[in-house]
Amino acid sequence: MVLTVSVLFETTNSVHIGQGGDFIACIPAIIIIVYLEGRAAAIAATLAMAVAGLWARSVLNAHISSEDWTRVILLLVSGGVIASVFHRLRQDLREALEVAEQRLAAVEATESRYRWAFERAAMGFANTNKKGEVLQSNRRLCEMTGYKERELAQLPLKALVHPDDQDSVQQLLEGLENDATSFGSEVRLLRKDGAALWVRLTLSSSRPDGVLSESVFVVVDDISERRTAREALRAQKEWLDLVLSAGRLGTWRIDVKDGTVTGSGKFWDILGLSSAPMRPLEELSTVVHPADWPKLEASIRPSSVLNYDTEIRVRRADGHIRWVALRGRQEKHGDRLLRVGVAADLTERRQTTLLRAAAKKRERIMLEQRHRFSNLFSVITALVKMINVPENNVAKYKDMLIDRIRALEATHLLLSRHTNSSGMLHDLVARELKPFVETRNITIAGPSVMLPAGAAESLAMVLHELTTNSVKYGALGDSHGRIEVKWEFASGDATEDVAFDWVESGRRMTPSVVRHGFGSMIIGLDGTPLVGHSPKLEITDHGLRYSLRLSRKEIEF
């Protein structure tokens with residue numbers, strides 16, 4: 001249509017104007033055609049216009065002048081240039097459009113990925129305006145709050161926050177309006193059902209050209225479990241601090257590589273030193289007892305033993321010696337080998353233990369003395385009954401009775417005093433049975449065996465208990481009774497235990513029933529005897545047998 005109008009215009013122009021008409025008037029039509037149809041159509045239209053113009057001039061004027069040919073050539077050149085330039089511009093525009101379309105597709109793909117991540121993220125995400133009104137929220141935030149997305153879009157951010165924490169959120173929004181581009185705080189959010197949960201709320205915003213963006217990005221991280229664990233850890237630490245304080249315990253740590261020690265204030269107080277963040281281990285040698293310093297110095301040497309347990313003595317500035325227990329274990333953190341543990345002041349405990357031991361020993365001695373003296377009267381009575389008045393001579397009877405009582409006294413003195421001297425086993429037995437040798441059938445036999453002081457004293461108490469029991473109920477209480485005391489090395493080897501036997505023959509004055517009391521404790525019927533091991537007692541109506549083994553470490557040669 002444009003070409004037709006242009007040809008008609010050119011023909012009319014030639015009729016009315018004549019040879020003075022200019023082909024240049026066709027250039028606007030060429031521009032329109034090349035824009036609408038492209039380069040080929042524009043070139044073809046240019047040729048058509050040139051031919052139509054020449055034909056009109058040849059018909060009207062009967063000839064074509066040189067000026068007409070010049071105008072035709074100029075038209076053809078102009079049309080070709082215009083068609084080529086517009087074609088190149090169209091190609092450039094098409095390429096630019098393709099690049100723009102590719103970039104737009106990439107942006108859309110990126111936006112799709114980010115939108116997918118936004119919707120399926122493990123944390124809650126939301127967009128708000130600068131007033132704090134929720135514009136968009138993801139699935140996780142809806143799950144945390146119990147609201148649907150359209151319900152959240154109708155609520156301001158502060159409406160989701162616990163009333164006690166709303167001021168914190170307001171400060172975050174105000175901070176974004178000032179200088180910071182990101183703010184975070186731990187607050188409580190209220191679910192739709194009214195339950196509260198702890199979250200880490202982070203608000204961020206970009207500020208293009210110094211102007212606050214209308215969109216604020218909100219990140220909501222559920223920290224309820226972490227908060228609970230942290231509170232439990234804090235409570236446990238407070239409880240541990242209370243326990244350490246109540247138990248007067250201090251904590252310490254030794255770096256094996258650096259040879260340094262760190263500790264709590266109570267640890268330095270136990271050592272009698274002022275509090276310090278860290279000290280070289282060698283510095284503690286000024287307060288640790290020289291005999292115990294090697295124990296502590298060994299702690300900076302690597303060891304295959306994981307547990308660490310030692311006791312040291314510490315000399316305070318006032319000269320007092322304190323006992324300190326160090327207990328811990330070996331740990332490895334990275335390339336550093338550490339010993340960590342607790343320290344306890346054992347001084348009062350040791351003093352209390354010694355006092356209790358002394359009191360228990362005193363109580364045992366008093367019980368032993370009470371038991372011994374209660375038996376003494378029965379023994380004296382038996383001695384009086386054993387001795388007959390010779391020829392009705394009272395004086396001689398008196399002397400014999402005094403001799404027996406003095407022999408008994410010697411035995412009790414041996415048991416009463418805490419001697420530090422050793423004793424022969426034969427002498428101990430003979431001295432215990434001396435008051436009865438002349439009136440009863442007594443046999444003592446065995447190899448020469450020396451007992452150290454402690455074992456001799458304990459065995460003397462066992463012999464005294466057997467003698468007293470025999471006087472009351474056994475052979476020493478019967479004029480026809482017989483006692484045989486013998487010992488020998490087990491298996492005939494002098495390096496073996498000594499087998500000791502106390503054998504009584506004669507009528508028993510009581511049934512064969514063992515009464516459990518202090519005496520049975522001494523000879524070991526209720527457990528371990530005072531000396532030796534493997535005690536055994538056999539009682540019948542016509543005798544008694546008591547066996548005991550003395551271990552090799554309790555014997556001297």
# chains A, B, ... in the order shown; residues from 1 in each chain; ligands from 1
>>> select_by_dssp(residues="stretch 36-254 of chain A", states="strand (DSSP E)", output="ChimeraX atom specification")
/A:124-128,134-137,182-190,196-204,216-222,249-254
>>> atom_distance(atom1="atom CA of A:Gly250", atom2="atom CA of A:Arg339")
14.1 Å
>>> residues_around(residues="A:Asp478", least_positions_apart="5", cutoff="12 Å", atoms="only C-alpha atoms", output="number ranges by chain")
A: 382-383, 385-386, 436, 439-441, 470-473, 483, 504-509, 542-543
>>> residues_around(residues="stretch 316-324 of chain A", least_positions_apart="3", cutoff="10 Å", atoms="only C-alpha atoms", output="PyMOL selection string")
chain A and resi 270-273+286-289+310-313+327+343-350
>>> residues_around(residues="A:Ala44", least_positions_apart="5", cutoff="12 Å", atoms="only C-alpha atoms", output="PyMOL selection string")
chain A and resi 3+30+33-34+37-39+49-51+76+79-80+83
>>> residues_around(residues="A:Ile31", least_positions_apart="5", cutoff="9 Å", atoms="only C-alpha atoms", output="PyMOL selection string")
chain A and resi 26+36+42+79+82-83+86
>>> select_by_dssp(residues="stretch 189-393 of chain A", states="helix (DSSP H, G or I)", output="ChimeraX atom specification")
/A:208-210,224-246,265-271,281-286,293-300,347-386,390-392
>>> closest_residue(among="A:Asp501, A:Ser137, A:Ala395, A:Val305", to="A:Arg150", atoms="only C-alpha atoms")
A:Ser137
>>> residues_around(residues="stretch 161-171 of chain A", least_positions_apart="3", cutoff="6 Å", atoms="only C-alpha atoms", output="VMD selection string")
chain A and resid 158 174 to 175 187 to 190
>>> atom_distance(atom1="atom CA of A:Val72", atom2="atom CA of A:Ile32")
19.1 Å
>>> closest_atom_pairs(of="stretch 109-186 of chain A", to="stretch 214-224 of chain A", cutoff="9 Å", atoms="only C-alpha atoms", output="Markdown table")
| residue | atom | partner | partner_atom | distance |
| --- | --- | --- | --- | --- |
| A:Ala122 | CA | A:Asp221 | CA | 8.4 |
| A:Met123 | CA | A:Asp221 | CA | 5.2 |
| A:Gly124 | CA | A:Val220 | CA | 4.7 |
| A:Phe125 | CA | A:Val219 | CA | 4.9 |
| A:Ala126 | CA | A:Val218 | CA | 5.0 |
| A:Asn127 | CA | A:Phe217 | CA | 4.8 |
| A:Thr128 | CA | A:Val216 | CA | 5.0 |
| A:Asn129 | CA | A:Ser215 | CA | 4.7 |
| A:Lys130 | CA | A:Glu214 | CA | 5.6 |
| A:Lys131 | CA | A:Glu214 | CA | 8.8 |
| A:Gly132 | CA | A:Val216 | CA | 7.9 |
| A:Leu135 | CA | A:Ser215 | CA | 8.6 |
| A:Leu141 | CA | A:Val220 | CA | 7.3 |
| A:Met144 | CA | A:Asp222 | CA | 7.8 |
| A:Leu176 | CA | A:Val216 | CA | 8.8 |
| A:Glu186 | CA | A:Ile223 | CA | 8.6 |
